[in-house]
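Undergrad: First the structure, which I've put down as structure tokens, then a few questions once you've had a look.
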Amino acid sequence: MNYEQVLRDVAKMMVRLKKPARLLKMITRFIDKNFQLDHTSIIVWENSRSRYTFVDSKGSSRIPAGFLRFDREHPLISWFSQASRPGRMSRDYLLCSDLEEQIEKNKKLNPDSIRSLQILLKAMQLMKAEAAIPGYFKKDLLGLLLLGAKKTKQTFDAREVSFFQTLVQDCSMVVKTTEYHQSLLERNQKLESQLQEIESMRAREQKRYYEIIRSLAQQVNAKDPYTFGHIGQVERLGVITGRELGMDMNGREKDILSAGLLLHDVGKIGIPDHILNKPARLDAEEWEIMKTHVDKGAQILEPLTDFKEVRDIVYSHHERWDGTGYPRGLKGEQIPIGARIVCVVDAFHAIVSTRCYSKGRPIETAFEELRKCGGSQFDSKVVEAFISALTKEMKRRGTGFFYDAEAKH
Amino acid sequence: MVKRLLIVDDEEEICDFLRSFFEDRQYLVETGHSGIQAVEKVRSFKPHIVLLDIQMPEMDGMKALKIIKAENPQVKVIMVTAVETQEKIEESMRLGADNYITKPLSLEYLEKDVQEKLSGLLQ
């Protein structure tokens, strides 16, 4: 027999077979067919049940697979697991002929030591095994290949033993690699599902967060009888503008923009009512106080670390495109896009709404006004997006889309 | 004293294997391959101990157990089977089984249990 060729064939087989149990069954079948033995079987360690069992057994004196189990204390298992063996016998294989020789040799010299050898020989004979070849991974005994007597009654020679050793060692590697691969896969799946759970928890939390924000914003605006109830509309107009600008209006970006739109005037909580609701123009001193609502708004949101972007919008919603706004005098793209949107929507709202200091004007007038201030007060790109989004929306849903909320007050 | 053991399993290889194992340990062994043979061999062979499989043709181990225990309450019956449901275990205990061992089985445990049942009989 060409042993090298056989090993190469087996190696090919190993690459193809994904399930180690099938590989081991093919190995027993292969040995049974090619070596003319009474019996061939494989015992493997079952990690989940902490025991060794037969995966397969072939030949005329086979032992049914699934019939026997072996604990670590079983003489055959412990022989290969323990650190050393008597009489310098090998850890890498066991032949009944060697055992018998050892027993014979020690009979007179050391009668006490042969008892464990006799027990081992009995165990081998019971398993119908002439030779046992262990498969290790590092120090762990993964399994045993048991070879019955040859039908020719010849003993196994060194070449054959070395062939079986190589075969078993290859199988052990495959079994261990597959096991490792499997456990990695399982761990990955577990991680994946945990991540998903965390993600959905985070999403739920976020949603609840924004519900609270929305209701808070309603309360803040209740202070100003003219804008009460409009905050939801401001949000809606801002969101459709964002969508028109190509922003992602399904995830976090929408949440940030929404919160910015809802909370942009939250700082007005800290502005005295007589200034906030003054039915005439504010004087210079009053105006300076009024301007602080952006600082106050940013202060209110300061402790909420998740709201950094929202705070930025609130703080910057009175900046102007040309850099003449407050509080920082930011210019152009330095101003967060959310703030630029709030700016346009807020201005539009002021123009069309009836406030304490002015009567509401028509939408067309508002559009004109916004366009006129594009490039100075507003980002023209945002103005055009806003006008186009609102026009589309009114075409789709009628002007009622905008005026409904207005009519109630 | 001769220790008489009856092994009943429909798989011949299992019977042969266990026979050689217990014969090595100075038991007188008889084997059977069905429930009917189990009942008959208990009558003729008069074993001290019976190892009885459950899933067998003709008559299954549970029926055999019932008859054996009705005829010879003193004989010790150890169920040796691959079937492991709480229901089966409880049923066989109710029918008088003396132990219930599932496959794959540990020979060391089986031998210890057989010895125990035997010394129980001798007391």
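Chain labels follow the order of the structure tokens: the first chain is A, the next B, and so on; residue numbering restarts at 1 in every chain, and ligands are counted from 1 in their shown order.
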Using only C-alpha atoms, find each residue of chain B with at least one atom at most 6 Å away from an atom of chain A; report its shortest atom-to-atom pair and that distance in Å (one decimal), sort the rows by chain and rising residue number, and return the result as a Markdown table.
TA:
| residue | atom | partner | partner_atom | distance |
| --- | --- | --- | --- | --- |
| B:Lys103 | CA | A:Phe67 | CA | 5.3 |
| B:Pro104 | CA | A:Phe67 | CA | 4.3 |
| B:Leu105 | CA | A:Leu68 | CA | 4.7 |
| B:Ser106 | CA | A:Arg69 | CA | 5.0 |
Undergrad: Check the DSSP output for the backbone and give back, as a count of residues only, the residues of stretch 227-322 of chain A in alpha helix (DSSP H).
TA: 56
Undergrad: Which is closer to A:Thr391 than all the others in A:Phe137, A:Phe164, A:Phe367, A:Phe80, using only C-alpha atoms?
TA: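 The answer is A:Phe367, which sits nearest to A:Thr391.
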Undergrad: Contacts of B:Leu95 at 10 Å or less, counting only C-alpha atoms, minus same-chain residues fewer than 2 places along, as a short mmCIF file (atom, residue, chain, number, x, y, z; two decimals) with N, CA and C atoms, in the first residue's frame?
TA:
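Writing done, so here's part_12.cif:
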data_model
loop_
_atom_site.label_atom_id
_atom_site.label_comp_id
_atom_site.auth_asym_id
_atom_site.auth_seq_id
_atom_site.Cartn_x
_atom_site.Cartn_y
_atom_site.Cartn_z
N MET B 62 -40.79 -3.50 28.59
CA MET B 62 -41.71 -3.12 29.65
C MET B 62 -42.70 -4.24 29.95
N LYS B 63 -43.24 -4.84 28.87
CA LYS B 63 -44.19 -5.96 29.07
C LYS B 63 -43.48 -7.13 29.72
N LEU B 65 -40.87 -7.05 31.60
CA LEU B 65 -40.59 -6.71 32.99
C LEU B 65 -41.79 -7.02 33.88
N LYS B 66 -42.98 -6.66 33.40
CA LYS B 66 -44.21 -6.85 34.17
C LYS B 66 -44.44 -8.34 34.47
N ILE B 67 -44.26 -9.15 33.42
CA ILE B 67 -44.48 -10.59 33.59
C ILE B 67 -43.43 -11.20 34.51
N ILE B 68 -42.15 -10.81 34.25
CA ILE B 68 -41.05 -11.38 35.05
C ILE B 68 -41.25 -11.09 36.52
N LYS B 69 -41.58 -9.82 36.81
CA LYS B 69 -41.74 -9.42 38.21
C LYS B 69 -42.97 -10.07 38.86
N ALA B 70 -43.99 -10.33 38.03
CA ALA B 70 -45.19 -10.97 38.57
C ALA B 70 -44.88 -12.43 38.94
N ILE B 89 -38.89 5.96 32.68
CA ILE B 89 -38.18 5.63 33.91
C ILE B 89 -39.19 5.38 35.04
N GLU B 90 -40.15 6.29 35.15
CA GLU B 90 -41.15 6.14 36.22
C GLU B 90 -41.98 4.88 36.02
N GLU B 91 -42.38 4.63 34.78
CA GLU B 91 -43.21 3.46 34.49
C GLU B 91 -42.48 2.16 34.87
N SER B 92 -41.18 2.12 34.48
CA SER B 92 -40.46 0.87 34.76
C SER B 92 -40.23 0.70 36.27
N MET B 93 -40.05 1.83 36.97
CA MET B 93 -39.89 1.73 38.41
C MET B 93 -41.18 1.22 39.06
N ALA B 97 -38.82 -2.41 38.30
CA ALA B 97 -37.42 -2.45 37.87
C ALA B 97 -36.52 -2.03 39.03
N ASP B 98 -35.32 -2.62 39.10
CA ASP B 98 -34.42 -2.32 40.22
C ASP B 98 -33.43 -1.22 39.90
#
Undergrad: Would you please extract all strand (DSSP E or B) residues from chain B, as assigned by DSSP on the backbone, and give them as a list of chain:residue names?
TA: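 The strand (DSSP E or B) residues within chain B come out as B:Lys3, B:Arg4, B:Leu5, B:Leu6, B:Ile7, B:Val8, B:Tyr27, B:Leu28, B:Val29, B:Glu30, B:Thr31, B:Gly32, B:Ile49, B:Val50, B:Leu51, B:Leu52, B:Lys76, B:Val77, B:Ile78, B:Met79, B:Val80, B:Thr81, B:Asn99, B:Tyr100, B:Ile101, B:Thr102, B:Leu105, B:Ser106.
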